[in-house]
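Visitor: Coordinates in work12.txt, compact mmCIF, C-alpha atoms and all ligand atoms, are listed below.
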```txt
# COMPACT_ATOMS: atom_id res chain seq x y z
CA MET A 178 -30.67 18.62 -17.53
CA THR A 179 -27.80 16.75 -15.82
CA MET A 180 -28.31 13.03 -15.46
CA ASP A 181 -28.10 11.75 -11.90
CA PRO A 182 -25.49 8.99 -12.22
CA LEU A 183 -26.93 7.12 -9.24
CA ARG A 184 -30.31 6.93 -10.99
CA GLU A 185 -28.74 5.86 -14.27
CA PHE A 186 -26.62 3.14 -12.62
CA PRO A 187 -28.42 2.06 -9.45
CA ARG A 188 -25.52 -0.24 -8.52
CA LEU A 189 -21.92 0.01 -9.62
CA ARG A 190 -18.91 -1.95 -8.44
CA SER A 191 -15.19 -1.13 -8.88
CA VAL A 192 -13.66 -4.14 -10.61
CA VAL A 193 -9.88 -4.79 -10.73
CA LEU A 194 -8.74 -5.12 -14.35
CA GLY A 195 -4.98 -5.18 -13.88
CA VAL A 196 -2.13 -4.94 -11.40
CA GLY A 197 1.52 -4.01 -11.97
CA SER A 198 4.68 -2.99 -10.20
CA CYS A 199 8.04 -1.33 -10.69
CA LEU A 200 11.19 -1.65 -8.57
CA PRO A 201 14.45 0.30 -8.66
CA GLU A 202 17.26 -1.52 -10.43
CA LYS A 203 19.55 -1.62 -7.39
CA CYS A 204 18.91 -4.40 -4.85
CA VAL A 205 20.60 -4.11 -1.43
CA THR A 206 20.93 -7.23 0.76
CA ASN A 207 21.23 -7.28 4.55
CA ASP A 208 24.91 -8.20 4.15
CA ASP A 209 25.40 -5.10 1.96
CA LEU A 210 23.85 -2.96 4.72
CA ALA A 211 26.02 -4.58 7.39
CA LYS A 212 29.02 -3.02 5.60
CA GLN A 213 27.55 0.47 6.24
CA VAL A 214 25.97 0.23 9.71
CA ASP A 215 26.44 -1.96 12.80
CA THR A 216 23.88 -4.66 11.96
CA SER A 217 23.71 -8.24 10.68
CA ASP A 218 21.63 -10.42 8.35
CA ASP A 219 20.68 -12.57 11.38
CA TRP A 220 19.34 -9.61 13.42
CA ILE A 221 17.31 -8.18 10.51
CA VAL A 222 15.84 -11.54 9.43
CA GLN A 223 14.97 -12.61 12.98
CA ARG A 224 13.33 -9.31 13.97
CA THR A 225 11.63 -8.45 10.66
CA GLY A 226 11.86 -11.21 8.01
CA ILE A 227 13.46 -8.72 5.59
CA LYS A 228 16.28 -10.13 3.41
CA GLN A 229 16.70 -7.42 0.79
CA ARG A 230 15.23 -4.15 -0.45
CA HIS A 231 15.45 -2.06 -3.65
CA ILE A 232 16.91 1.44 -3.44
CA ALA A 233 16.26 4.16 -6.03
CA GLY A 234 19.20 5.45 -8.07
CA PRO A 235 19.75 9.12 -8.93
CA ASP A 236 17.49 8.94 -12.01
CA GLU A 237 14.70 7.04 -10.25
CA THR A 238 12.02 8.96 -8.34
CA THR A 239 8.59 8.24 -6.88
CA SER A 240 6.96 9.40 -10.13
CA THR A 241 9.19 7.33 -12.45
CA LEU A 242 8.53 4.22 -10.33
CA GLY A 243 4.81 5.04 -10.17
CA GLU A 244 4.69 5.52 -13.93
CA GLY A 245 6.36 2.12 -14.44
CA ALA A 246 3.84 0.41 -12.17
CA ALA A 247 0.95 2.21 -13.90
CA ARG A 248 2.13 1.08 -17.35
CA ALA A 249 2.42 -2.54 -16.12
CA ALA A 250 -1.11 -2.44 -14.62
CA LEU A 251 -2.51 -0.93 -17.83
CA ALA A 252 -0.80 -3.70 -19.86
CA GLU A 253 -2.42 -6.42 -17.73
CA ALA A 254 -5.77 -4.65 -18.10
CA GLY A 255 -5.30 -4.42 -21.89
CA LEU A 256 -6.00 -0.69 -21.71
CA ASP A 257 -4.42 2.50 -22.99
CA ALA A 258 -3.64 5.37 -20.60
CA ASN A 259 -6.32 7.41 -22.36
CA ASP A 260 -8.97 4.99 -21.05
CA ILE A 261 -8.25 6.32 -17.53
CA ASP A 262 -10.09 9.35 -16.11
CA LEU A 263 -8.93 9.21 -12.47
CA VAL A 264 -5.36 8.87 -11.14
CA ILE A 265 -4.77 8.65 -7.39
CA VAL A 266 -1.21 8.31 -6.10
CA ALA A 267 -0.67 7.28 -2.48
CA THR A 268 2.72 8.56 -1.35
CA SER A 269 4.52 10.25 1.52
CA THR A 270 7.64 10.80 -0.56
CA PRO A 271 6.49 12.98 -3.49
CA ASP A 272 9.03 14.10 -6.10
CA TRP A 273 8.28 17.71 -5.15
CA THR A 274 6.35 19.48 -2.40
CA PHE A 275 4.08 20.45 -5.30
CA PRO A 276 2.77 19.82 -7.92
CA SER A 277 1.50 16.39 -6.95
CA THR A 278 3.24 13.21 -8.04
CA ALA A 279 -0.10 12.15 -9.54
CA THR A 280 -0.08 15.05 -12.02
CA GLN A 281 3.53 14.20 -12.95
CA ILE A 282 2.54 10.60 -13.68
CA GLN A 283 -0.58 11.81 -15.53
CA ALA A 284 1.64 13.92 -17.81
CA ALA A 285 4.20 11.13 -18.27
CA LEU A 286 1.40 8.80 -19.39
CA GLY A 287 0.25 11.43 -21.94
CA LEU A 288 -3.09 11.93 -20.20
CA THR A 289 -4.64 15.38 -20.60
CA HIS A 290 -8.20 14.62 -19.48
CA GLY A 291 -9.65 13.51 -16.15
CA VAL A 292 -8.24 14.27 -12.72
CA ALA A 293 -5.10 13.28 -10.83
CA PHE A 294 -4.23 13.89 -7.20
CA ASP A 295 -2.05 12.58 -4.36
CA LEU A 296 -3.30 11.04 -1.14
CA GLN A 297 -1.16 10.87 2.00
CA ALA A 298 -1.84 8.25 4.66
CA VAL A 299 1.74 6.90 4.93
CA CYS A 300 1.80 3.07 4.89
CA SER A 301 -2.03 2.90 4.72
CA GLY A 302 -2.02 5.14 1.65
CA PHE A 303 -2.81 2.48 -0.95
CA VAL A 304 -5.80 1.12 1.00
CA PHE A 305 -7.04 4.70 1.53
CA ALA A 306 -6.60 5.35 -2.22
CA VAL A 307 -8.52 2.18 -3.17
CA ALA A 308 -11.38 3.27 -0.86
CA THR A 309 -11.35 6.78 -2.36
CA ALA A 310 -11.27 5.58 -5.98
CA ASP A 311 -14.06 3.10 -5.19
CA LYS A 312 -16.27 5.92 -3.91
CA PHE A 313 -15.56 8.04 -7.03
CA LEU A 314 -16.32 5.11 -9.35
CA ARG A 315 -19.47 3.99 -7.58
CA SER A 316 -20.81 7.56 -7.62
CA GLY A 317 -20.77 7.38 -11.42
CA SER A 318 -18.57 10.49 -11.73
CA HIS A 319 -15.57 8.57 -13.16
CA LYS A 320 -15.23 5.39 -15.17
CA ARG A 321 -11.70 3.99 -14.78
CA ALA A 322 -9.09 4.66 -12.12
CA LEU A 323 -5.39 4.08 -11.81
CA VAL A 324 -4.63 3.61 -8.11
CA ILE A 325 -0.90 3.80 -7.45
CA GLY A 326 1.21 3.36 -4.32
CA ALA A 327 4.72 4.73 -4.94
CA GLU A 328 7.53 5.60 -2.54
CA THR A 329 11.22 6.41 -2.24
CA PHE A 330 11.61 6.13 1.53
CA SER A 331 15.39 5.81 1.03
CA ARG A 332 15.32 9.62 0.55
CA ILE A 333 13.91 10.28 4.05
CA ILE A 334 15.82 7.60 5.95
CA ASP A 335 18.59 8.53 8.37
CA TRP A 336 21.24 6.17 7.00
CA ASP A 337 23.21 6.45 10.26
CA ASP A 338 20.28 5.12 12.33
CA ARG A 339 20.45 1.32 12.30
CA THR A 340 17.10 1.03 14.10
CA THR A 341 15.24 2.36 11.04
CA CYS A 342 17.48 2.24 7.96
CA VAL A 343 17.36 -1.57 7.72
CA LEU A 344 13.55 -1.64 7.55
CA PHE A 345 12.62 0.31 4.42
CA GLY A 346 12.85 0.06 0.63
CA ASP A 347 11.66 1.83 -2.53
CA GLY A 348 9.16 0.74 -5.16
CA ALA A 349 5.71 1.17 -6.66
CA GLY A 350 2.60 -0.88 -7.38
CA ALA A 351 -0.65 -0.03 -9.14
CA ILE A 352 -4.07 -1.39 -9.99
CA VAL A 353 -6.66 -0.40 -12.60
CA LEU A 354 -10.26 -0.24 -11.38
CA GLU A 355 -13.30 0.03 -13.66
CA ALA A 356 -16.89 0.90 -12.66
CA ARG A 357 -19.17 -1.93 -13.79
CA PRO A 358 -22.88 -2.57 -13.21
CA SER A 359 -23.52 -4.98 -10.36
CA THR A 360 -26.55 -6.69 -8.83
CA GLY A 361 -24.89 -6.29 -5.42
CA ASP A 362 -24.26 -10.04 -5.06
CA LEU A 363 -21.07 -10.76 -3.07
CA SER A 364 -20.02 -13.40 -5.61
CA GLU A 365 -19.61 -10.73 -8.31
CA ARG A 366 -16.16 -9.25 -8.92
CA GLY A 367 -15.07 -5.92 -7.46
CA VAL A 368 -14.43 -3.99 -4.24
CA LEU A 369 -17.02 -5.30 -1.73
CA THR A 370 -16.35 -3.02 1.23
CA THR A 371 -13.70 -0.64 2.63
CA HIS A 372 -13.07 0.54 6.21
CA LEU A 373 -10.71 3.39 7.16
CA ARG A 374 -9.62 4.74 10.55
CA SER A 375 -7.18 7.31 11.91
CA ASP A 376 -6.06 8.61 15.30
CA GLY A 377 -3.75 11.63 15.22
CA ARG A 378 -2.71 11.37 18.85
CA HIS A 379 0.08 8.96 17.89
CA ARG A 380 2.22 11.32 15.80
CA ALA A 381 5.35 11.01 17.92
CA LYS A 382 5.54 7.23 17.55
CA LEU A 383 6.12 7.38 13.80
CA HIS A 384 6.85 10.63 12.02
CA VAL A 385 9.23 12.65 9.84
CA ASP A 386 11.03 15.44 11.69
CA GLY A 387 10.80 17.95 8.85
CA GLY A 388 8.30 19.53 6.47
CA PRO A 389 7.77 22.68 4.38
CA SER A 390 5.72 24.61 6.92
CA ALA A 391 7.26 23.43 10.21
CA THR A 392 10.99 23.35 9.38
CA GLN A 393 11.42 24.19 5.66
CA THR A 394 13.32 20.89 5.34
CA VAL A 395 12.43 17.41 4.14
CA GLY A 396 13.43 15.74 7.41
CA HIS A 397 14.11 12.13 8.40
CA LEU A 398 11.89 9.27 9.50
CA ARG A 399 11.77 8.70 13.28
CA MET A 400 10.11 5.75 14.94
CA GLU A 401 9.45 4.21 18.35
CA GLY A 402 9.63 0.64 17.01
CA LYS A 403 8.14 -1.18 19.99
CA GLU A 404 5.16 1.21 20.21
CA VAL A 405 4.44 0.86 16.50
CA PHE A 406 4.67 -2.92 16.80
CA ARG A 407 2.24 -2.94 19.73
CA PHE A 408 -0.29 -0.76 17.91
CA ALA A 409 -0.01 -2.67 14.63
CA VAL A 410 -0.79 -6.01 16.27
CA GLY A 411 -3.12 -4.78 19.01
CA GLN A 412 -5.46 -2.34 17.31
CA VAL A 413 -5.44 -2.71 13.58
CA THR A 414 -7.39 -5.92 13.14
CA ASP A 415 -10.63 -4.03 13.94
CA VAL A 416 -10.92 -2.79 10.33
CA VAL A 417 -10.77 -6.40 9.10
CA THR A 418 -13.49 -7.55 11.50
CA ASP A 419 -15.53 -4.50 10.36
CA ALA A 420 -15.22 -5.78 6.78
CA PHE A 421 -16.43 -9.22 7.85
CA ALA A 422 -19.33 -7.69 9.79
CA ALA A 423 -20.36 -5.51 6.80
CA THR A 424 -20.48 -8.45 4.38
CA GLY A 425 -21.28 -11.47 6.56
CA LEU A 426 -18.13 -13.14 5.20
CA THR A 427 -15.58 -14.79 7.50
CA ALA A 428 -11.85 -15.52 7.65
CA GLY A 429 -12.69 -18.98 6.31
CA ASP A 430 -14.17 -17.44 3.13
CA LEU A 431 -10.93 -15.58 2.27
CA ASN A 432 -8.60 -16.89 -0.40
CA TRP A 433 -5.84 -14.37 0.38
CA PHE A 434 -4.87 -11.95 3.13
CA VAL A 435 -2.57 -9.22 1.75
CA PRO A 436 -1.48 -7.00 4.65
CA HIS A 437 0.98 -4.11 4.75
CA GLN A 438 4.48 -5.55 4.49
CA ALA A 439 6.39 -3.94 7.38
CA ASN A 440 7.48 -6.89 9.44
CA ARG A 441 6.92 -10.65 9.15
CA ARG A 442 6.15 -10.96 12.86
CA ILE A 443 3.39 -8.30 12.67
CA ILE A 444 1.93 -10.03 9.60
CA ASP A 445 1.88 -13.49 11.22
CA MET A 446 0.53 -12.28 14.57
CA SER A 447 -2.26 -10.28 12.85
CA ALA A 448 -3.29 -13.27 10.71
CA HIS A 449 -3.29 -15.55 13.77
CA LYS A 450 -5.42 -13.09 15.75
CA LEU A 451 -7.94 -12.91 12.89
CA GLY A 452 -8.11 -16.70 12.49
CA ILE A 453 -6.65 -16.54 8.96
CA ALA A 454 -4.78 -19.72 7.99
CA PRO A 455 -1.02 -19.16 7.42
CA GLU A 456 -1.20 -20.55 3.85
CA LYS A 457 -3.61 -17.72 2.90
CA VAL A 458 -1.15 -14.98 3.89
CA VAL A 459 0.74 -13.20 1.10
CA ALA A 460 4.10 -12.03 2.47
CA THR A 461 6.69 -10.29 0.31
CA VAL A 462 8.48 -8.31 3.04
CA HIS A 463 11.58 -10.54 2.57
CA LEU A 464 11.89 -9.25 -1.01
CA HIS A 465 11.08 -5.55 -0.70
CA GLY A 466 11.36 -4.46 2.95
CA ASN A 467 8.76 -1.92 4.03
CA THR A 468 7.87 0.17 0.96
CA SER A 469 5.10 2.08 2.78
CA ALA A 470 2.19 2.85 0.40
CA ALA A 471 3.73 0.63 -2.29
CA SER A 472 3.85 -2.50 -0.13
CA VAL A 473 0.31 -3.82 -0.63
CA PRO A 474 0.18 -3.35 -4.43
CA LEU A 475 3.70 -4.80 -4.73
CA ALA A 476 2.52 -7.88 -2.80
CA LEU A 477 -0.61 -8.08 -4.99
CA SER A 478 1.54 -7.88 -8.09
CA VAL A 479 3.81 -10.74 -6.93
CA ALA A 480 0.86 -12.96 -5.93
CA ARG A 481 -0.95 -12.28 -9.20
CA ALA A 482 2.13 -12.89 -11.34
CA ASP A 483 2.97 -16.21 -9.65
CA GLY A 484 -0.60 -17.45 -10.12
CA ARG A 485 -1.74 -17.33 -6.48
CA ILE A 486 -4.47 -14.68 -6.91
CA LYS A 487 -7.00 -15.82 -9.52
CA ASP A 488 -10.10 -14.10 -10.91
CA GLY A 489 -12.97 -14.55 -8.46
CA ASP A 490 -10.70 -14.98 -5.40
CA LEU A 491 -11.68 -13.17 -2.21
CA VAL A 492 -8.77 -10.93 -1.18
CA MET A 493 -8.50 -8.91 2.04
CA LEU A 494 -6.14 -5.91 1.97
CA GLU A 495 -5.09 -4.38 5.29
CA ALA A 496 -2.59 -1.66 6.20
CA VAL A 497 -1.41 0.53 9.06
CA GLY A 498 0.78 3.60 8.94
CA GLY A 499 1.91 6.84 10.54
CA GLY A 500 -0.76 9.06 12.04
CA PHE A 501 -1.81 6.45 12.97
CA THR A 502 -3.92 5.53 9.99
CA TRP A 503 -5.28 2.07 9.23
CA GLY A 504 -7.75 0.45 6.86
CA SER A 505 -9.05 -2.59 5.03
CA ALA A 506 -10.46 -3.31 1.57
CA LEU A 507 -12.23 -6.57 0.73
CA ILE A 508 -12.07 -7.35 -2.98
CA ARG A 509 -13.54 -10.11 -5.13
CA TRP A 510 -10.66 -10.20 -7.65
N1 LIG B 1 20.92 -4.29 13.96
C1 LIG B 1 21.40 -4.81 15.09
N2 LIG B 1 20.94 -4.45 16.30
C2 LIG B 1 19.97 -3.53 16.35
C3 LIG B 1 19.43 -2.94 15.19
C4 LIG B 1 19.97 -3.36 13.94
N3 LIG B 1 19.52 -2.87 12.77
N4 LIG B 1 18.48 -2.06 15.54
C5 LIG B 1 18.39 -2.09 16.88
N5 LIG B 1 19.29 -2.96 17.37
C6 LIG B 1 19.56 -3.31 18.76
C7 LIG B 1 19.11 -2.27 19.72
O1 LIG B 1 20.08 -1.26 19.87
C8 LIG B 1 18.92 -3.06 20.98
O2 LIG B 1 20.16 -3.28 21.58
P1 LIG B 1 20.31 -3.23 23.17
O3 LIG B 1 19.47 -4.35 23.67
O4 LIG B 1 21.79 -3.43 23.37
O5 LIG B 1 19.82 -1.88 23.60
C9 LIG B 1 18.43 -4.42 20.47
O6 LIG B 1 18.80 -4.47 19.09
C10 LIG B 1 16.94 -4.61 20.61
O7 LIG B 1 16.31 -3.45 20.08
P2 LIG B 1 14.74 -3.31 20.12
O8 LIG B 1 14.36 -1.97 19.57
O9 LIG B 1 14.25 -3.68 21.47
O10 LIG B 1 14.31 -4.46 19.10
P3 LIG B 1 12.89 -4.99 18.80
O11 LIG B 1 12.83 -6.41 19.12
O12 LIG B 1 11.80 -4.10 19.35
O13 LIG B 1 12.84 -4.87 17.22
C11 LIG B 1 11.95 -3.51 15.46
C12 LIG B 1 12.95 -3.60 16.59
C13 LIG B 1 12.27 -4.55 14.41
C14 LIG B 1 12.01 -2.12 14.84
C15 LIG B 1 10.54 -3.79 16.04
O14 LIG B 1 10.29 -2.97 17.14
C16 LIG B 1 9.48 -3.58 15.03
O15 LIG B 1 9.36 -4.32 14.08
N6 LIG B 1 8.61 -2.57 15.21
C17 LIG B 1 7.60 -2.28 14.26
C18 LIG B 1 8.10 -1.16 13.48
C19 LIG B 1 7.74 -1.23 12.03
O16 LIG B 1 7.49 -2.26 11.45
N7 LIG B 1 7.75 -0.06 11.48
C20 LIG B 1 7.54 0.07 10.11
C21 LIG B 1 6.98 1.38 9.85
S1 LIG B 1 5.45 1.48 10.50
C22 LIG B 1 4.46 0.78 9.54
O17 LIG B 1 4.78 0.42 8.46
C23 LIG B 1 3.14 0.59 10.07
```
What is this file in C-alpha cells?
Guide:
Amino acid sequence: MTMDPLREFPRLRSVVLGVGSCLPEKCVTNDDLAKQVDTSDDWIVQRTGIKQRHIAGPDETTSTLGEGAARAALAEAGLDANDIDLVIVATSTPDWTFPSTATQIQAALGLTHGVAFDLQAVCSGFVFAVATADKFLRSGSHKRALVIGAETFSRIIDWDDRTTCVLFGDGAGAIVLEARPSTGDLSERGVLTTHLRSDGRHRAKLHVDGGPSATQTVGHLRMEGKEVFRFAVGQVTDVVTDAFAATGLTAGDLNWFVPHQANRRIIDMSAHKLGIAPEKVVATVHLHGNTSAASVPLALSVARADGRIKDGDLVMLEAVGGGFTWGSALIRW
C-alpha cells in the first residue's frame, strides 16, 4: 500500500538551507556601453540606477551560470548534489529550445535521480519556481529542491536599441529548499506563503519578437518602457498585500524586502507604496542590471553574503515580468 505523504507528515515547510550565485567574468560599465550606443552614464543611472552589468562570454551559457549558482548554494547548505531530488530552473533564455536547461544542469551536477524541469515566467520566474518547489516539497513527494534563476538576456537583446540594451545583464542565483516538519507557527523557518498572478493581455508591452513555432528564430526583446513602468508600480503590490493578508503579518514585521531588480525607481516607489522602510529594501540593480529570473536570487545572495539576511529574518520576495506575470513569496529565512 502506498503511504499518503500528507498523512505521514501532516505539516511540512520548505526551509532555505543555502543560497548562491554565479556571474559572467566580463563586467560592462555604463561608460563602456556609451562607446557602442548613443547613451551616457548619467542617463542610465538617473532613469534606472544601473551602473554596470555582467555579460556572458562565448563559453558561458545559462546552464553553466546556473550550475555555478547551484554549486554555491549547495556549498552553503553543506550538501552534495545527490541530496537533491528536484531541480527547477526559471529561465526565458534556455541554452537550447530543448532539452530543458534544468536537465543540462542536472547532468552537469552528476545527478541521475529525481526530476528536473524549466519554468518560464520571465522576470517573475524565480518567485514562480519557489512557489512551485514549495508545493512539491509540502506535498511530501520530494525532499530537497534546487531552485535556480539563470539568464543570458544579452543573447536576446537588440544591441542597436539604446532603449533596451542598457537595462539588462546576465547571471544566475539559486537556493536549496528542504522539506521539514513544522507546527505551522509563523516564527518557524521556511516559506510561509506564496501568491502568483498573470494576465496575458499585456503581451505587446514586453515580449520577444521570435520563437520556434511563430518565426523559427530566437528573436529580440521589445518593450514599451513607460507601460511596463506603470504596470510594475501600479498593479504588482497586490501580491505583497495578499501575503500580508494570508499571514496576518505587516510591512513593519519584515526584515527585508527583496524585489525584482529592474529599475531603482520601480523598487523605491513599490516599497513606499507598501509602507516598507527604505532601509529594509535590498537593491542590487546597480551591480547587475536587470537579470530577469536571476535578479531576486542574485540579490538574496548578495544580502546573505554581506550579513544582512540572517537566519530567522522575515524576507519578502516580489517580482514582475513579461506576460504580465507577478508574484510574491514570504520566507522566514
Ligand atoms: N540613453 C540616452 N537616452 C535614451 C536612452 C538611453 N539608453 N533610451 C532612451 N533615451 C531617450 C529617448 O529617446 C527619449 O528621448 P526624446 O525625449 O528625445 O524622445 C528620452 O530618452 C526619454 O525616453 P523615455 O522612454 O521617455 O524615458 P523614460 O523616462 O520612460 O525611461 C525607461 C525609460 C528607463 C526604460 C523606463 O521607462 C523604465 O524604467 N521602464 C520600466 C522598464 C523596465 O524596467 N523593464 C525591465 C523589464 S520588465 C521587468 O523586468 C518587469
Visitor: Hey, which bits of chain A sit within 9 Å of ligand LIG 1 (chain B), and for each residue what's the closest pair of atoms and how far apart in Å (one decimal), counting only C-alpha atoms and all ligand atoms, rows by chain and increasing number, as a tab-separated table?
Guide:
```
residue	atom	partner	partner_atom	distance
A:Ala211	CA	B:LIG1	N1	8.3
A:Val214	CA	B:LIG1	N3	7.8
A:Asp215	CA	B:LIG1	N1	6.1
A:Thr216	CA	B:LIG1	N1	3.6
A:Ser217	CA	B:LIG1	N1	5.8
A:Asp218	CA	B:LIG1	N1	8.3
A:Asp219	CA	B:LIG1	C1	8.6
A:Trp220	CA	B:LIG1	C1	5.5
A:Ile221	CA	B:LIG1	N3	6.2
A:Gln223	CA	B:LIG1	C13	8.6
A:Arg224	CA	B:LIG1	C13	4.9
A:Thr225	CA	B:LIG1	C13	5.4
A:Val299	CA	B:LIG1	O17	8.0
A:Cys300	CA	B:LIG1	O17	5.4
A:Ser301	CA	B:LIG1	C23	7.8
A:Asp338	CA	B:LIG1	N3	8.0
A:Arg339	CA	B:LIG1	N3	4.3
A:Thr340	CA	B:LIG1	N4	3.7
A:Thr341	CA	B:LIG1	C14	6.7
A:Cys342	CA	B:LIG1	N3	7.3
A:Val343	CA	B:LIG1	N3	5.6
A:Leu344	CA	B:LIG1	C20	6.8
A:Phe345	CA	B:LIG1	C20	7.6
A:Leu383	CA	B:LIG1	S1	6.8
A:Met400	CA	B:LIG1	N7	7.2
A:Glu401	CA	B:LIG1	O14	7.3
A:Gly402	CA	B:LIG1	O14	3.7
A:Lys403	CA	B:LIG1	O14	4.0
A:Glu404	CA	B:LIG1	N6	7.2
A:Val405	CA	B:LIG1	C17	5.0
A:Phe406	CA	B:LIG1	C17	3.9
A:Arg407	CA	B:LIG1	C17	7.7
A:Phe408	CA	B:LIG1	C23	8.7
A:Ala409	CA	B:LIG1	C23	6.4
A:His437	CA	B:LIG1	O17	7.0
A:Gln438	CA	B:LIG1	O17	7.2
A:Ala439	CA	B:LIG1	O16	4.5
A:Asn440	CA	B:LIG1	O16	5.0
A:Arg441	CA	B:LIG1	O15	8.4
A:Arg442	CA	B:LIG1	O15	7.5
A:Ile443	CA	B:LIG1	O15	7.3
A:Asn467	CA	B:LIG1	O17	6.4
A:Thr468	CA	B:LIG1	O17	8.1
A:Ser469	CA	B:LIG1	O17	5.9
A:Ala470	CA	B:LIG1	O17	8.8
A:Ala496	CA	B:LIG1	C23	7.3
A:Val497	CA	B:LIG1	C23	4.7
A:Gly498	CA	B:LIG1	C23	4.0
A:Gly499	CA	B:LIG1	C23	6.4
A:Phe501	CA	B:LIG1	C23	8.2
A:Thr502	CA	B:LIG1	C23	8.6
A:Trp503	CA	B:LIG1	C23	8.6
```
Visitor: Would you mind telling me which residue in A:Pro436, A:Gly500, A:Gly346, A:Pro358 lies nearest to A:Thr206 when using only C-alpha atoms?
Guide: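 Nearest candidate to A:Thr206 out of A:Pro436, A:Gly500, A:Gly346, A:Pro358: A:Gly346.
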Visitor: Give as a PyMOL selection string each residue that has an atom at most 12 Å from (-15.7, -4.2, -7.3) in the file, counting only C-alpha atoms.
Guide: chain A and resi 188-194+307-308+310-312+314-315+321+353-371+488-489+491-492+506-510
Visitor: Using only C-alpha atoms, list the residues that have an atom at most 12 Å from (1.2, 16.4, -10.6), coordinates as in the file, as a ChimeraX atom specification.
Guide: /A:239-240,243-244,264-266,271-286,288-289,292-296
Visitor: So which one's closest to A:Ala267, A:Ser478, A:Asp445, A:Ile486, A:Val304? Using only C-alpha atoms, please.
Guide: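 Looking only at the distances to A:Ala267, the closest residue turns out to be A:Val304.
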Visitor: In Å, rounded to a single decimal, give me how far atom CA of A:Ser472 is from atom CA of A:Leu426.
Guide: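 Here the two named atoms are 25.0 Å from each other.
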Visitor: Suppose you want the space between atom CA of A:Ala422 and atom CA of A:Asp490; what is it in Å?
Guide: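 These atoms are spaced 18.9 Å apart.
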Visitor: Rounded to one decimal in Å, what is the spacing between atom CA of A:Gln297 and atom CA of A:Ala327?
Guide: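 Going from atom CA of A:Gln297 over to atom CA of A:Ala327 covers 11.0 Å.
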Visitor: Could you give me, as a list in words, the residues within 12 Å of A:Val479, counting only C-alpha atoms and dropping anything in the same chain fewer than 6 positions from it?
Guide: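 The contact residues come out as Val196, Gly197, Ser198, Cys199, Leu200, Gly350, Ala351, Val435, Val459, Ala460, Thr461, Val462, Leu464, His465, Ser472, Val473, Arg485 and Ile486 of chain A.
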Visitor: Neighbouring residues of A:Leu256 were defined as those with any atom within 12 Å, considering all atoms listed in the file; residues of the same chain fewer than 2 positions away were excluded. Please report them as a VMD selection string.
Guide: chain A and resid 194 to 196 247 to 254 258 to 261 321 to 323 352 to 355
Visitor: Which of these, A:Asp257, A:Val385, A:Gly396, A:Asp208, has the shortest distance to A:Gly287 once you count all atoms listed in the file?
Guide: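 Of all the options, A:Asp257 lies closest to A:Gly287.
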Visitor: Which residue out of A:Ala448, A:Leu477, A:Leu210, A:Val417 has the minimum interatomic distance to A:Glu495 when only C-alpha atoms are used?
Guide: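 Once distances to A:Glu495 are computed over only C-alpha atoms, the minimum belongs to A:Val417.
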Visitor: Give me the box for stretch 314-323 of chain A as JSON, namely the centre and edge lengths in Å to one decimal of a box along x, y and z that holds every listed atom plus 8 Å on each side.
Guide:
```
{"center_x": -13.1, "center_y": 7.2, "center_z": -11.4, "size_x": 31.4, "size_y": 22.5, "size_z": 23.6}
```
